[in-house]
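Structure first, commentary second.
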Amino acid sequence: MKKLLTSLMLLLAFACWCAPEAEARVDREKTKQAQKMKRPKRVAAGTPVAKALAEAGYFTETTALPKAKFYIFICSASWCGPCRQLMPKVVEEYENNMKKDKTVSMVLLGADKDEASALEYISHYNTDMPGVLNSAVQLENRPQMPGVPWFFILNAKGELVSSGAGSKVLNWKEEIKKKPQKSANAESSNRRERNANRRGRGRNR
C-alpha cells in the first residue's frame, strides 16, 4: 500500500512539474506565431504598385513581383461562400499558369477582419500566393468594389486595366490586353484643366 501511495505521489508531483512546462511551450509557440504576424514591413524597389503593397505589409511570407507589368488582385474572404467556391479555381490557375508568367503578379486582397484570419484562409489552399489586407493597402486607381469576390488589374504604373466579378480573373490573359482606363481623379483633373483653359481664353478676348 505504501508503495502504491508513493507511486501516486510521484506521479502527481511529475504531473504538477510537467503542467507548467507544457503551458510554457504553448506560450512560446503563441509568441512565435505572434512574431510572425508582426513581421516588419518590407519596402523594396519596384513599381509604384509593388511599393504600395510593401508599405501595406504582407501577411504572407511571399511578396508580389517588384517589377511586374501587371498586378492581378482578387479580393476574397473566408466568411464569403462564393469566395470559397471560387478560390480553388483561382489557386489552380495561379499555380499552373500565372506563376510561370513573370510579367504578371497575383495578389490576394484579404477581406477578413485581421491578418491571422486572412492567413488561415489562404493557407487552407496550400499556395504561396502573396497576400495583404484589403483594408491596409492604398492603391490610387483601385475600382469601387460592390462586394466580394471581386477582381481588378493594375499595370506597372498603377493604372486600372480591368475589373469585375471575381470569376473574371480566370480570363486574365485576355483582360491584361485591354487599354488602361482613366481614373476618376485623372478625369477630374483633365476637366479642371479644360475649364481653366476656357476661362483663360475668355479673359483674353
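To be explicit about the labels: the chains of the C-alpha cells are called A, B, and onward in the order shown, and within each one the residues are counted from 1, while ligands get numbers from 1 in the order they are shown.
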If you count only C-alpha atoms, which residues fall within 6 Å of range 158-169 of chain A, apart from same-chain ones fewer than 2 positions away, as a list of chain:residue names?
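So, after excluding close chain neighbours, the residues are A:Val49, A:Asn141, A:Pro149, A:Trp150, A:Phe151, A:Phe152, A:Ile153, A:Leu154, A:Asn155, A:Ala156, A:Asn171, A:Trp172, A:Pro180, A:Gln181.
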Have a look at A:Val104, A:Ala77, A:Ala56, A:Cys83 and name the one nearest to Ser135 in chain A; count only C-alpha atoms.
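Closest to Ser135 in chain A, using only C-alpha atoms: A:Ala56.
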So the first atom is CA of Ser117 in chain A and the second is CA of Phe59 in chain A; what is the distance between them in Å, to one decimal place?
10.0 Å
Nearest residue to Leu119 in chain A from the set A:Asn97, A:Thr62, A:Thr47, A:Gln138 (distances using only C-alpha atoms):
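Residue with the minimum atom-to-atom distance to Leu119 in chain A: A:Thr62.
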Nearby residues (only C-alpha atoms) at most 10 Å from Ile122 in chain A, same-chain spacing under 4 positions excluded, as a list in words:
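So, after excluding close chain neighbours, the residues are Thr60, Ser76, Ala77, Ser78, Met87, Val91, Leu108, Gly110, Ser117, Ala118, Asn126, Thr127, Asp128, Met129, Pro130 and Gly131 of chain A.
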